[in-house]
Structure formats: structure tokens, C-alpha cells
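In what follows, a single structure is set out as C-alpha cells and then discussed.
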Amino acid sequence: MSDKDTESTLQKAPLWYKPIAWTRNWLPRLRGIWLFLAVLGPGIITSSVDNDAGGIATYSICGARYGYSLLWSLLPITIALMVIQEMCTRMGVVTGKGLSDLIRERFGVRLTFYLLIGMLIGNLGNVLAEFAGVAASMELVGVSKYISVPIAGVAVWLLVIKVSHKRVEKVFLLACLLYAFYIISAFLSQPDWGEVLTSVARPRIEWGSGYFVMLVGVIGTTISPWMQFYLQSAVVEKGIKVDYLKFSRLDTVLGSFIVNIIAFFIIVVCAATIFVAGLPIETVKDAAVALKPLAGDYASLLYSFGLLNASLFAASILPLSTAFIICEGFGWETGVDKKFNQAPQFYTLYSLLILFGVLFILIPNLPLLDIMFTTQVINGILLPVILVVMLVLINDRRIMGDYVNSTKANIASYITVGAVIAITLTMVVLALMGTG
């Protein structure tokens with residue numbers, strides 16, 4: 001029955017029937033909303049975690065050094081992230097297996113082993129960065145890292161080890177909402193919104209090496225190797241069926257938008273204050289301190305709380321992601337819904353990664369920047385390899401059946417992956433050359 005026929009029938013129907021007819025028409029839509037809420041989580045959580053301590057530092061320095069001039073880059077970055085993460089979501093839903101599982105089955109143990117070693121080393125540096133973020137955010141309110149970091153380590157360990165998967169996911173979704181602190185901080189900084197919109201619509205590219213390094217840094221911090229593994233594992237862990245693939249895709253699309261919206265406001269708050277004042281910053285701690293006299297106590301405090309939330313959030317997810325990657329690659333049991341005796345390797349590795357992160361951050365005069373630099377180079381080398389492997393897997397009918405990439409999807413994927421590979425390799429080369 002068409003909409004016109006339905007409307008005509010309702011006009012002729014008795015008054016008591018109209019609420020029943022309305023219910024019949026809207027029940028399918030309400031069911032769709034309910035199904036979406038049921039699968040909601042993996043896409044939004046994975047993307048939001050990418051705004052971790054390292055990401056916040058990158059966006060803050062970007063706004064402080066280059067003002068609004070790099071805001072335009074967030075539009076193509078969003079599209080690239082959507083394309084890449086949709087492939088991971090589809091592989092997880094269709095195969096019911098994590099990315100490490102599929103790589104081992106398709107390419108053999110040798111390639112899987114080298115990828116796992118690289119991912120482990122790269123993620124160790126990321127874990128250190130998250131606990132460094134905890135230390136920096138709490139030192140801003142007068143709490144020593146020797147108190148805050150051990151407490152944070154115990155808290156995130158207990159959250160994942162002792163709490164059920166459904167409750168853990170709800171906590172993570174709540175943490176995603178707390179990124180709104182950066183949106184509030186941006187409005188408190190009172191930027192010139194006309195200039196902000198102009199910078200998005202009309203790119204102003206500076207051809208200096210520093211600008212280009214900053215550009216590839218913004219791209220590189222948004223599309224990370226660990227994200228692809230964790231997203232697919234989270235989809236599998238949630239048990240999403242093929243019938244609900246469209247809802248899972250929507251979750252991924254929303255996540256890609258949200259992560260870059262938060263990045264947008266972090267750049268805006270630092271551009272409107274620190275860039276305008278011409279103050280130099282090198283870390284997120286510098287940014288929070290600089291914001292206080294420029295945008296007020298509330299903006300600085302909200303920025304600091306946002307950093308704490310992001311660091312704790314990522315300190316939970318990154319070790320979890322690494323445990324999934326390693327255990328799936330070796331065929332060991334995984335999952336936070338399992339007990340310790342069902343997945344001993346998974347829980348042991350997760351615990352050791354958190355212990356490693358906490359103990360290393362407590363070492364005096366730790367060369368954290370050198371460690372982070374080395375791990376980012378490793379991640380930069382790994383990302384192109386992982387993206388190529390993903391394209392092979394997503395186009396293998398023995399694995400994906402009728403859910404392989406269409407011709408249009410392949411064109412979009414090849415362009416996106418090719419651009420990401422070129423940018424990532426450029427970033428690695430510039431980093432090794434010391435350009436910047």
C-alpha cells in the first residue's frame with residue numbers, strides 16, 4: 001500500500017483506529033532503531049579510542065602551530081577511515097573471525113608471526129603513551145604520577161578482568177560521550193567561527209616541510225594499524241550476524257564521523273587561543289597550561305579532564321587490542337566474556353601489557369619521546385602491509401562469498417589505500433630523515 005493509499009484509509013477510518021494504524025506503520029522503524037542500538041559499540045568505540053593521548057597531542061600541536069589551516073584535511077580523512085573500517089566490519093560479520101585469524105589462515109604462520117611481532121612492539125609504545133597521558137593530566141591538578149599511574153593501571157585492569165563484556169562496553173560508550181569536554185572547551189575559547197568555516201571550505205596549503213609533516217601526522221594518528229584488528233575482533237566478540245550488517249556499517253560510519261568531529265574541536269580550541277597568542281607548545285601538558293590564562297580556568301580544566309578520559313579509555317583498549325591480535329594469530333582463545341581458565345594466554349598478556357606500561361612510566365627520566373618516535377615508525381611501516389593484506393582478504397570469494405568488494409567499492413578502496421600508503425611511507429621517510 002502506497003503512502004497516499006494509507007493516508008486515504010486513515011482519513012476514512014474511525015477515530016479509535018488511527019493510533020493502531022500509526023503503531024503498525026512505525027513498528028518496523030522502531031524495530032530498526034532497536035536493532036541498531038543492539039549492535040552499536042565496536043565502530044564508535046574503536047574510532048573514539050584513536051583520540052588517545054598521542055592523538056590529542058598531535059591535534060593540539062596542529063592547532064597551536066598552524067591555526068585553522070589544516071581543518072580541511074579532516075574531511076578526506078573521515079572518508080578514508082570509513083572505507084577502511086567498513087571492510088574490517090564486513091569481514092568480521094561475514095566470517096566470524098578476527099583479522100589475525102584470517103591472515104594466518106590465508107597467508108600462513110610466517111607472515112603472521114612477523115606482523116604480530118611488529119604490532120606488539122608498536123603497541124607497547126602506544127600503551128606507554130596512554131599512561132604518560134594519565135600522568136600529565138593528573139599532574140596538572142597536583143597529583144603525582146607515582147600515585148595516579150598505579151591507580152589507573154589497577155582500575156583499567158579490574159574493569160576488563162572483573163566486569164562482564166556488556167557492562168565493559170557500556171563503560172566504553174560512556175567514555176566516548178566524555179569527549180564532549182573538548183567541544184565545550186572550544187566554545188569557551190570563543191573562536192572566529194567565520195574563519196573556521198572558511199578554513200574548512202577553502203584549503204590553504206603551505207608548501208613548507210613543517211606543514212606537510214604536520215599534515216601526514218594528523219592523517220597517521222587517525223588511521224592506525226591496531227584499529228583494524230581491534231574493530232574486527234570487537235565485531236566478532238559481539239556476535240553480529242550478517243542480517244544486521246547494515247546496522248554494523250552505520251555504527252562504523254558514525255564512529256568515523258565522531259573521531260574527526262572531536263579532532264576538529266581540539267584543533268579549534270588550540271588555534272583560537274595558543275596560535276593567536278603565538279605561544280610555543282610541545283606536549284598536551286603545555287597546551288592545558290597555556291589555555292588557562294587565554295580561555296579561562298574552565299576551558300583548561302575541561303581540556304585536562306578530556307585528556308584523562310582519553311588516556312584511561314585508550315589504556316584499557318590498546319592492551320586489549322594487542323591481546324586479541326597476538327592470541328588470534330596463534331590460535332589461542334580470546335574474549336573478555338571468558339573466564340581466566342578458558343583464555344589464560346589472553347588475560348595474562350593483557351595483564352602484562354598494563355604492568356609494563358605502569359612500571360615504565362614510573363622510571364625517572366624515561367626517554368618517552370624517543371620510544372614513541374620508534375614505535376610510530378614501526379606502525380608506519382606496518383600500516384601499508386596490513387592494508388594490502390586486507391584488500392586481498394576482502395576480495396577472496398573463498399573467505400567472503402558474495403560479500404566481496406564490488407567494482408565501485410574496489411575503486412574507492414584502492415584509491416583510499418593507495419593514498420594512505422603513499423602518505424604513510426612519506427611520513428616514515430621524513431621521520432627517518434629528521435625533517436620537520
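In the C-alpha cells, each chain is lettered A, B, ... as it comes, each chain's residues begin at 1, and ligands are numbered from 1 in order of appearance.
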
Check your understanding: Quick one: residues within 7 Å of A:Cys270, only C-alpha atoms counted, chain neighbours fewer than 6 positions away excluded, as an NGL selection string?
Key -> :A and (60 or 63-64)

Please produce, as a tab-separated table, a per-residue contact table for stretch 374-416 of chain A versus stretch 218-228 of chain A (criterion: any atom at most 7 Å away, only C-alpha atoms considered), showing the nearest atom pair and its distance in Å to one decimal, sorted by chain then residue number.
residue	atom	partner	partner_atom	distance
A:Asn379	CA	A:Pro225	CA	6.5
A:Leu382	CA	A:Pro225	CA	6.9
A:Leu383	CA	A:Pro225	CA	5.2

#### Entry: Non-local contacts of A:Leu349 (12 Å; only C-alpha atoms; under 5 positions in same chain excluded) as an MDAnalysis selection string
chainID A and resid 120 124 157 161 318:327 332 334 340 343:344 354:356

For A:Ser413, the closest of A:Thr95, A:Gln85, A:Thr112, A:Ser311 counting only C-alpha atoms is A:Gln85

Backbone DSSP call of alpha helix (DSSP H) for stretch 166-412 of chain A, listed as a PyMOL selection string:
chain A and resi 166-177+180-188+193-201+209-222+225-238+245-270+276-277+284-295+297-330+344-361+368-394+397-400+407-412

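Non-sequential neighbours of A:Leu254 (distance at most 12 Å, separation of 2 or more positions within a chain, only C-alpha atoms) are Phe36, Leu40, Gly41, Pro42, Gly43, Ile44, Ile45, Thr46, Ser47, Ser48, Thr78, Ile79, Leu81, Met82, Gln85, Glu86, Cys176, Phe247, Ser248, Arg249, Leu250, Asp251, Thr252, Ser256, Phe257, Ile258, Val259, Asn260 and Ile261 of chain A.
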
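Distance check against A:Ile151 using only C-alpha atoms: of A:Phe275, A:Asn341, A:Glu139, A:Val134, the minimum falls on A:Val134.
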
For A:Leu115, list every protein, DNA or RNA residue within 9 Å, evaluated using only C-alpha atoms, and leave out those in the same chain fewer than 4 positions away; present the list as a PDB file with N, CA and C atoms, in the first residue's frame.
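Result file is selection.pdb:
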ATOM      1  N   ARG A 110      54.260 -17.786   8.930  1.00  0.00           N
ATOM      2  CA  ARG A 110      55.463 -16.948   8.885  1.00  0.00           C
ATOM      3  C   ARG A 110      55.116 -15.460   8.810  1.00  0.00           C
ATOM      4  N   LEU A 111      54.292 -15.068   7.822  1.00  0.00           N
ATOM      5  CA  LEU A 111      53.905 -13.666   7.700  1.00  0.00           C
ATOM      6  C   LEU A 111      53.158 -13.209   8.945  1.00  0.00           C
ATOM      7  N   MET A 119      53.398  -5.588  15.502  1.00  0.00           N
ATOM      8  CA  MET A 119      52.261  -4.992  16.198  1.00  0.00           C
ATOM      9  C   MET A 119      52.503  -4.926  17.700  1.00  0.00           C
ATOM     10  N   LEU A 120      53.121  -5.964  18.258  1.00  0.00           N
ATOM     11  CA  LEU A 120      53.401  -5.993  19.697  1.00  0.00           C
ATOM     12  C   LEU A 120      54.347  -4.865  20.083  1.00  0.00           C
ATOM     13  N   LEU A 382      54.159  -0.857   9.168  1.00  0.00           N
ATOM     14  CA  LEU A 382      53.177  -1.946   9.205  1.00  0.00           C
ATOM     15  C   LEU A 382      51.879  -1.611   8.486  1.00  0.00           C
ATOM     16  N   VAL A 385      51.351  -2.603   4.783  1.00  0.00           N
ATOM     17  CA  VAL A 385      51.297  -4.065   4.645  1.00  0.00           C
ATOM     18  C   VAL A 385      49.922  -4.580   5.056  1.00  0.00           C
ATOM     19  N   ILE A 386      49.415  -4.097   6.169  1.00  0.00           N
ATOM     20  CA  ILE A 386      48.114  -4.546   6.683  1.00  0.00           C
ATOM     21  C   ILE A 386      46.989  -4.165   5.733  1.00  0.00           C
TER      22      ILE A 386
END

Residue nearest A:Arg204 - candidates A:Gly357, A:Gly108, A:Gly55, A:Gly67, atoms counted: only C-alpha atoms:
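Comparing A:Gly357, A:Gly108, A:Gly55, A:Gly67 against A:Arg204, the winner is A:Gly67.
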
Check your understanding: Which residue gives the smallest distance to A:Leu215 among A:Val253, A:Ile423, A:Ile274, A:Leu116, with only C-alpha atoms counted?
Key ->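 Among the listed residues, the smallest separation from A:Leu215 belongs to A:Ile423.
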
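Between A:Tyr230 and the candidates A:Lys285, A:Lys97, A:Arg104, A:Arg65, the tightest atom-to-atom separation, counting only C-alpha atoms, involves A:Lys97.
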
*With distances taken over only C-alpha atoms, which of A:Gly278, A:Gly118, A:Gly153, A:Pro364 is nearest to A:Phe131?*
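Selected residue with least distance to A:Phe131: A:Gly153.
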
The distance between atom CA of A:Tyr182 and atom CA of A:Tyr68 is 15.9 Å

Do a neighbour search on A:Tyr59 at 10 Å with only C-alpha atoms, toss out local chain neighbours closer than 5 positions, and write the hits as a compact mmCIF listing (two decimals) with N, CA and C atoms, in the first residue's frame.
# COMPACT_ATOMS: atom_id res chain seq x y z
N ASN A 51 41.40 8.87 19.41
CA ASN A 51 41.68 10.17 20.01
C ASN A 51 42.28 9.95 21.40
N GLY A 54 48.26 10.43 22.41
CA GLY A 54 49.07 10.80 21.25
C GLY A 54 48.28 11.59 20.22
N ALA A 64 47.89 24.74 17.55
CA ALA A 64 48.76 25.75 18.16
C ALA A 64 49.78 26.30 17.17
N ARG A 65 50.25 25.47 16.24
CA ARG A 65 51.29 25.91 15.29
C ARG A 65 50.73 26.45 13.98
N LEU A 70 44.72 23.58 8.79
CA LEU A 70 44.68 22.14 8.46
C LEU A 70 43.32 21.50 8.73
N LEU A 71 42.33 22.30 9.07
CA LEU A 71 41.00 21.74 9.35
C LEU A 71 40.40 21.04 8.13
N MET A 214 53.23 17.96 9.53
CA MET A 214 52.07 18.06 10.42
C MET A 214 50.85 17.42 9.78
N GLY A 217 51.14 13.77 9.90
CA GLY A 217 50.99 13.37 11.29
C GLY A 217 49.53 13.28 11.70
N VAL A 218 48.72 14.25 11.26
CA VAL A 218 47.28 14.24 11.55
C VAL A 218 46.62 13.02 10.92
N THR A 221 47.83 9.71 12.73
CA THR A 221 47.32 9.46 14.08
C THR A 221 45.85 9.04 14.06
N ILE A 262 35.64 15.37 17.07
CA ILE A 262 36.40 15.70 18.28
C ILE A 262 37.76 16.29 17.90
N ALA A 263 38.42 15.70 16.89
CA ALA A 263 39.70 16.23 16.42
C ALA A 263 39.53 17.68 15.95
N PHE A 264 38.42 17.96 15.26
CA PHE A 264 38.11 19.30 14.77
C PHE A 264 38.08 20.30 15.93
N PHE A 265 37.38 19.96 17.02
CA PHE A 265 37.24 20.90 18.13
C PHE A 265 38.53 21.04 18.93
N ILE A 266 39.35 19.99 19.00
CA ILE A 266 40.64 20.11 19.68
C ILE A 266 41.53 21.09 18.92
N ILE A 267 41.55 20.98 17.59
CA ILE A 267 42.34 21.92 16.77
C ILE A 267 41.82 23.34 16.95
N VAL A 268 40.48 23.48 16.95
CA VAL A 268 39.87 24.81 17.07
C VAL A 268 40.24 25.48 18.40
N VAL A 269 40.13 24.75 19.51
CA VAL A 269 40.39 25.37 20.81
C VAL A 269 41.84 25.84 20.92
N CYS A 270 42.78 25.08 20.37
CA CYS A 270 44.19 25.48 20.45
C CYS A 270 44.52 26.57 19.43
N ALA A 271 43.86 26.55 18.28
CA ALA A 271 44.08 27.59 17.27
C ALA A 271 43.55 28.93 17.74
N VAL A 284 50.78 17.92 25.35
CA VAL A 284 49.42 18.25 25.78
C VAL A 284 49.43 18.98 27.12
